[in-house]
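**Student:** Quick one: the structure is below, questions incoming.
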Amino acid sequence: MKRWMGIAVILLLLGILPQVLGDYYVILLTKILIFAIFAMSLDIVQGYVGLPSLGHAAFFGVGAYTIGIFSIKVLNNFWINLPLAIVLAGMVAALFGLLVLRTRAAYFFIITAALSEVLYGIACTWRFFTGGHDGMPGIARPDIGFIPWSLLSAANYFYFVLFFFIVAFILMYVVVRSPFGHIIVSIRENELRMRALGYHTWLYKYVSFIIAGLFAGLSGGLLVYLNGFVSPDVLRISLSAEALLMVLLGGAGTLIGPVIGAASVVFLENIVSSYMERWVLMLGIIYVLVVMFTPQGILGLINKMSLKSQAKV
Amino acid sequence: MNFWILQTLNGITFGMVLFLLAAGLSLIYGLMRIVNLAHGCFYLAGAYIALSVIESTNSFLMSLLVGVIAVSILGIIMQRFFLHRFQHDHSSQILLTIGFVLIIGDLVLLIWGGEPKLLPKPLLFQGSVSIRTAIFPAYHLVIIATGLLVAIGLWLLQDKTKMGALIRAGVDDTEMARGLGINVPILFSLVFILGVALSAFGGIIAGPFIGVSPGMEWEILLLAMAVLLIGGQGSLKGAFVGSLLVSLVDNYCKALIPELGMFFIFGSVAMVLAFKPTGLFGKL
Amino acid sequence: MKALVADKICKNFEGIQALLNVSVEVEIGERRGMIGPNGAGKTTFFHIISGILSPTSGSIYLFGKDITHLPMHARANLELSQTFQLISLFKKLTVLENIVLALQSFKRRKYILHRPLSIYKDVFNEAEKALQEWELWDKRNLRVSELSYGEQRLLDIMLALIGKPRLLLLDEPTSGLSLAEVKTVISRIRALSREITIIFIEHHMDVALELAERVTVLHMGQVVAEGTPTEIKRDPRVKKIYLGTEKG
């Protein structure tokens with residue numbers, strides 16, 4: 001009961017805030033939601049399946065570039081382009097999954113990075129399609145058509161993204177709670193026994209990988225609509241590393257943790273940087289402190305504290 | 001023709017530097033299964049510290065000693081006080097070492113500024129050598145010779161000494177090694193220091209050759225990891241061959257199509273792994 | 001038709017010959033013991049039967065079907081089941097959750113993504129029945145890590161039996177157990193129906209000879225002797241292997 005009330009309060013807050021805050025902060029909140037989707041999708045691979053990935057930006061980037069390329073060169077119709085971005089990202093995940101899922105965990109880490117770098121290279125050189133290093137500017141916000149709102153305002157676009165965030169969260173939550181989700185976690189715990197029990201473990205990992213890719217593509221597309229342009233930076237390892245940070249900082253394998261992590265990282269990088277010149281140093285120190293004192297991430301810390309307070313009562 | 005000879009020489013030279021890093025990384029990951037993303041930072045820190053020492057003492061030898069020792073101390077602190085707690089926890093290692101990369105990277109930026117710097121060459125090797133019609137800086141050959149010496153030294157250490165046997169035993173079966181009375185924690189620390197020292201050493205001797213700049217810690221880490229993937233983790237031979245391969249590809253690409261450098265390197269990684277998932281000489 | 005036919009199995013590990021021309025035939029319903037000194041290759045042989053390893057050469061037939069290159073999970077679906085030397089449970093889950101996990105593997109709903117696990121009552125009912133039978137029902141909500149070693153081993157074996165296999169491989173089921181626990185495990189294994197063929201690796205010679213109807217002796221990767229427990233006890237080659245090992 002408490003949980004639902006808490007969620008209701010948060011949603012209410014999210015509904016009101018854009019009306020109260022200035023554009024800069026609304027855009028920041030929008031970014032947080034977009035990256036929260038991205039981080040949750042990574043959590044499925046990293047936290048639930050248990051394979052640390054440094055190449056998740058690949059699917060983000062595919063989603064982003066699909067929106068970019070189709071909006072500018074083909075047809076500026078978000079009803080077609082956004083689903084297409086999601087599907088294409090999923091297809092790339094299906095392709096990459098075939099290549100990477102046979103390797104051991106530590107190699108998986110680097111191979112996924114390798115594959116995303118390959119895509120980065122393509123984005124940089126395939127100038128005709130992608131605009132090369134400079135990227136593609138001038139991407140318009142989606143035109144919803146039947147709804148009389150324009151998505152040009154920061155607040156309206158925020159609500160647009162909020163809708164997708166809620167849908168994405170619910171979908172991923174349902175998957176994680178289903179028999180499929182429980183099996184995935186058990187595969188992570190003891191894959192050999194699962195195979196001995198008759199589970200086709202590779203298939204489970206593969207499907208999870210694709211699901212993660214789909215949601216990553218969604219978030220990539222949403223970011224491009226926010227920024228109005230796309231550049232090869234959406235495919236960089238640094239973006240994957242940032243998402244990794246969000247998952248680990250918030251608490252892997254919890255779905256909510258990455259949301260907290262995304263909020264924390266975006267907040268730290270944007271707000272802290274405007275107050276401190278040496279904010280990168282600060283960020284590094286925070287990460288070290290988090291690992292040393294709460295290895296389960298921020299969510300782990302919250303859980304520990306709430307258990308303690310329950311015990312006291 | 002000259003262009004290609006020069007590029008090849010550059011490639012081999014850098015390959016030796018890369019080997020120092022890759023060997024260190026292979027030791028650290030191979031023995032202790034520690035994912036240390038800060039490995040490139042030791043290279044960076046070593047080079048910058050050496051730079052300062054040279055600027056004040058004019059002695060390359062001094063800078064080499066001070067640099068390696070200082071970074072080794074940094075490495076011990078990192079391992080003993082922070083990393084050792086997370087023995088099998090790769091996620092925490094990743095987060096922790098990323099934190100260190102950010103800290104060290106920013107401190108370096110703070111102390112030495114953002115401009116790329118080139119270390120001065122040691123007086124002894126400032127000349128050049130000519131082979132056929134091409135003229136090379138002598139220092140390049142010094143790096144190559146040093147790299148070969150280190151490679152031989154490591155090979156002797158691994159195959160011919162007791163410590164080497166201990167390391168190999170530890171790599172193969174930590175539990176067993178512990179059971180045999182081998183002081184595993186000390187062994188781990190020693191190996192970690194060796195890896196760190198190699199990385200710093202590489203950064204310092206590469207200083208006069210390719211210089212140093214902020215951000216290099218990531219680039220060089222990626223290259224070293226590519227080497228491990230291609231060459232196969234756990235194999236000295238693999239690290240050597242892999243370093244040369246990656247370096248040559250990197251060099252040729254940088255000379256021809258700079259943007260596709262990483263693409264070709266990691267494309268090669270993907271190809272090698274498709275056919276031989278454990279790398280060319282990999283044992284596991 | 002035999003339950004298991006292993007035909008000239010060879011396994012090479014980078015120059016080490018782990019198994020050489022191992023040929024074994026096990027009848028349906030038989031209780032077959034595999035013994036031999038450490039390193040003889042017994043577990044390696046089991047790994048090849050279950051699919052963890054592929055043989056360098058040779059074939060495996062399960063109830064007449066060639067499974068030599070079949071993936072591990074597919075063999076489980078052909079009613080092959082096993083336990084490992086080290087107890088291999090899901091430590092963070094409860095006893096009940098472990099059983100449910102094993103049961104689910106044989107239901108189509110293991111592929112469902114969109115409904116929560118808790119609504120599938122029939123699985124829980126089956127789990128209850130099995131746990132009652134093995135007297136672990138009272139402990140159903142305890143985490144595996146809270147069970148005694150002996151109870152964990154029983155749960156371990158239960159997990160392998162839940163899918164009603166026709167061939168059960170037990171790798172050292174009594175290792176690390178107290179005398180009383182060993183007795184419990186033996187009586188449980190004895191009580192299993194003849195519809196299940198059992199092959200087990202045992203280090204306790206007396207347990208092996210007591211439980212088995214036939215015994216295969218492996219030494220240095222080769223079958224050295226095979227026969228009834230009485231025959232094996234008297235076999236001079238077997239004595240030499242074990243006495244030799246004790247002296248050295």
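Starting from 1 in every chain, residues are counted up; chains themselves are A, B, ... following the order of the structure tokens, and ligands are numbered from 1 as listed.
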I'd like the neighbourhood of segment 245-251 of chain B as a short mmCIF file (atom, residue, chain, number, x, y, z; two decimals) with C-alpha atoms, in the first residue's frame, where a residue qualifies if any of its atoms comes within 12 Å (using only C-alpha atoms), though same-chain residues fewer than 6 positions away should be ignored.
**Tutor:**
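Result written to part_23.cif:
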```
data_model
loop_
_atom_site.label_atom_id
_atom_site.label_comp_id
_atom_site.auth_asym_id
_atom_site.auth_seq_id
_atom_site.Cartn_x
_atom_site.Cartn_y
_atom_site.Cartn_z
CA PHE B 3 56.41 6.01 -46.05
CA TRP B 4 55.58 2.37 -45.49
CA ILE B 5 58.92 1.57 -43.92
CA LEU B 6 58.52 4.46 -41.55
CA GLN B 7 54.96 3.51 -40.69
CA THR B 8 56.00 -0.07 -40.09
CA LEU B 9 58.83 1.00 -37.84
CA ASN B 10 56.50 3.28 -35.93
CA GLY B 11 54.09 0.43 -35.65
CA ILE B 12 56.67 -1.98 -34.30
CA THR B 13 57.97 0.65 -31.89
CA PHE B 14 54.57 1.39 -30.49
CA GLY B 15 53.88 -2.32 -30.49
CA MET B 16 56.62 -2.74 -27.92
CA VAL B 17 55.12 -0.06 -25.74
CA LEU B 18 51.72 -1.65 -26.07
CA PHE B 19 53.25 -4.99 -25.18
CA ALA B 22 49.24 -5.69 -22.38
CA ILE B 210 54.49 9.70 -28.87
CA GLU B 219 42.67 5.09 -25.64
CA ILE B 220 45.63 3.06 -24.50
CA LEU B 222 41.20 0.03 -25.22
CA LEU B 223 44.20 -0.88 -27.33
CA ALA B 224 45.67 -3.03 -24.55
CA MET B 225 42.34 -4.81 -24.17
CA ALA B 226 42.14 -5.37 -27.88
CA VAL B 227 45.58 -6.95 -27.66
CA LEU B 228 44.45 -9.30 -24.92
CA LEU B 229 41.39 -10.31 -26.86
CA ILE B 230 43.29 -10.96 -30.08
CA GLY B 231 46.37 -12.47 -28.52
CA GLY B 238 49.80 -13.77 -27.42
CA ALA B 239 50.41 -10.41 -25.78
CA ILE B 257 41.97 6.91 -42.59
CA PRO B 258 42.20 8.29 -39.05
CA GLU B 259 38.52 8.02 -38.16
CA LEU B 260 38.34 4.33 -38.86
CA GLY B 261 41.22 3.41 -36.55
CA MET B 262 39.12 1.93 -33.80
CA PHE B 263 36.81 0.41 -36.37
CA PHE B 264 39.57 -1.67 -37.92
CA ILE B 265 41.08 -2.63 -34.63
CA PHE B 266 37.86 -3.78 -33.11
CA GLY B 267 36.70 -5.22 -36.36
CA SER B 268 39.81 -7.39 -36.22
CA VAL B 269 39.01 -8.29 -32.63
CA VAL B 272 39.53 -13.21 -34.46
CA LEU B 280 45.09 -16.55 -31.13
#
```
**Student:** What's the 9 Å shell around segment 200-206 of chain C, counting only C-alpha atoms, without same-chain residues fewer than 5 positions away, as a PyMOL selection string?
**Tutor:** chain C and resi 31-38+42-43+46+168-175+211-212
**Student:** Set the distance at 12 Å and use only C-alpha atoms: which residues neighbour Gln152 of chain C once local chain neighbours fewer than 2 positions away are removed? I'd like the list as a PyMOL selection string.
**Tutor:** chain C and resi 83+86-91+94-95+98+134+136+139-140+142-150+154-159+173-174+176-177+181+185
**Student:** May I have the residues from that selection written out with C-alpha atoms, as a tab-separated table (two decimals), in the first residue's frame?
**Tutor:**
```
chain	number	residue	atom	x	y	z
C	83	THR	CA	23.80	-34.16	-9.78
C	86	LEU	CA	29.72	-30.05	-5.56
C	87	ILE	CA	26.16	-29.47	-4.47
C	88	SER	CA	24.71	-27.24	-7.13
C	89	LEU	CA	21.62	-25.50	-5.85
C	90	PHE	CA	20.31	-21.97	-6.10
C	91	LYS	CA	21.67	-20.74	-2.81
C	94	THR	CA	14.26	-20.98	-0.83
C	95	VAL	CA	13.77	-24.74	-0.89
C	98	ASN	CA	14.36	-24.40	-6.06
C	134	TRP	CA	11.17	-36.17	1.10
C	136	LEU	CA	11.53	-31.18	3.52
C	139	LYS	CA	11.78	-26.26	5.59
C	140	ARG	CA	10.24	-25.05	2.36
C	142	LEU	CA	14.23	-21.58	4.31
C	143	ARG	CA	17.00	-20.44	2.04
C	144	VAL	CA	19.24	-23.21	0.83
C	145	SER	CA	22.15	-21.71	2.73
C	146	GLU	CA	20.20	-22.29	5.96
C	147	LEU	CA	19.90	-26.05	5.44
C	148	SER	CA	22.36	-28.57	6.78
C	149	TYR	CA	24.78	-30.07	4.31
C	150	GLY	CA	22.91	-33.35	4.32
C	154	LEU	CA	18.86	-34.40	-0.46
C	155	LEU	CA	17.38	-31.30	-2.09
C	156	ASP	CA	20.08	-31.55	-4.74
C	157	ILE	CA	19.03	-35.10	-5.57
C	158	MET	CA	15.36	-34.12	-5.44
C	159	LEU	CA	15.97	-31.46	-8.03
C	173	PRO	CA	26.14	-38.24	-3.75
C	174	THR	CA	27.46	-39.08	-0.29
C	176	GLY	CA	30.97	-34.81	2.80
C	177	LEU	CA	28.03	-36.37	4.59
C	181	GLU	CA	23.19	-38.64	6.43
C	185	VAL	CA	20.72	-40.81	1.14
```
**Student:** Select, as a ChimeraX atom specification, those residues of chain A with any atom no more than 7 Å from chain C (distances computed using only C-alpha atoms).
**Tutor:** /A:174-175,177-180,189-190,193,195-200
**Student:** Report, in Å with one decimal, the straight-line distance from atom CA of Gly203 of chain B to atom CA of His39 of chain B.
**Tutor:**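 Here the two named atoms are 11.1 Å from each other.
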**Student:** With chain B as the partner and 6 Å as the cut-off, tabulate the residues of chain A that qualify, each row holding the nearest pair of atoms and their distance in Å to one decimal, using only C-alpha atoms, sorted by chain and rising number, as CSV.
**Tutor:**
```
residue,atom,partner,partner_atom,distance
A:Ala114,CA,B:Phe266,CA,4.8
A:Glu117,CA,B:Phe263,CA,5.9
A:Val118,CA,B:Phe263,CA,4.6
A:Gly121,CA,B:Phe263,CA,5.2
A:Leu281,CA,B:Ile103,CA,4.7
A:Gly284,CA,B:Gly99,CA,3.9
A:Tyr287,CA,B:Gly99,CA,5.1
A:Val288,CA,B:Leu96,CA,5.1
```
**Student:** Leaving out segment 221-231 of chain C and any residue of its chain fewer than 5 positions from it, which residues lie within 8 Å of it when counting only C-alpha atoms, given as a count of residues only?
**Tutor:** 19
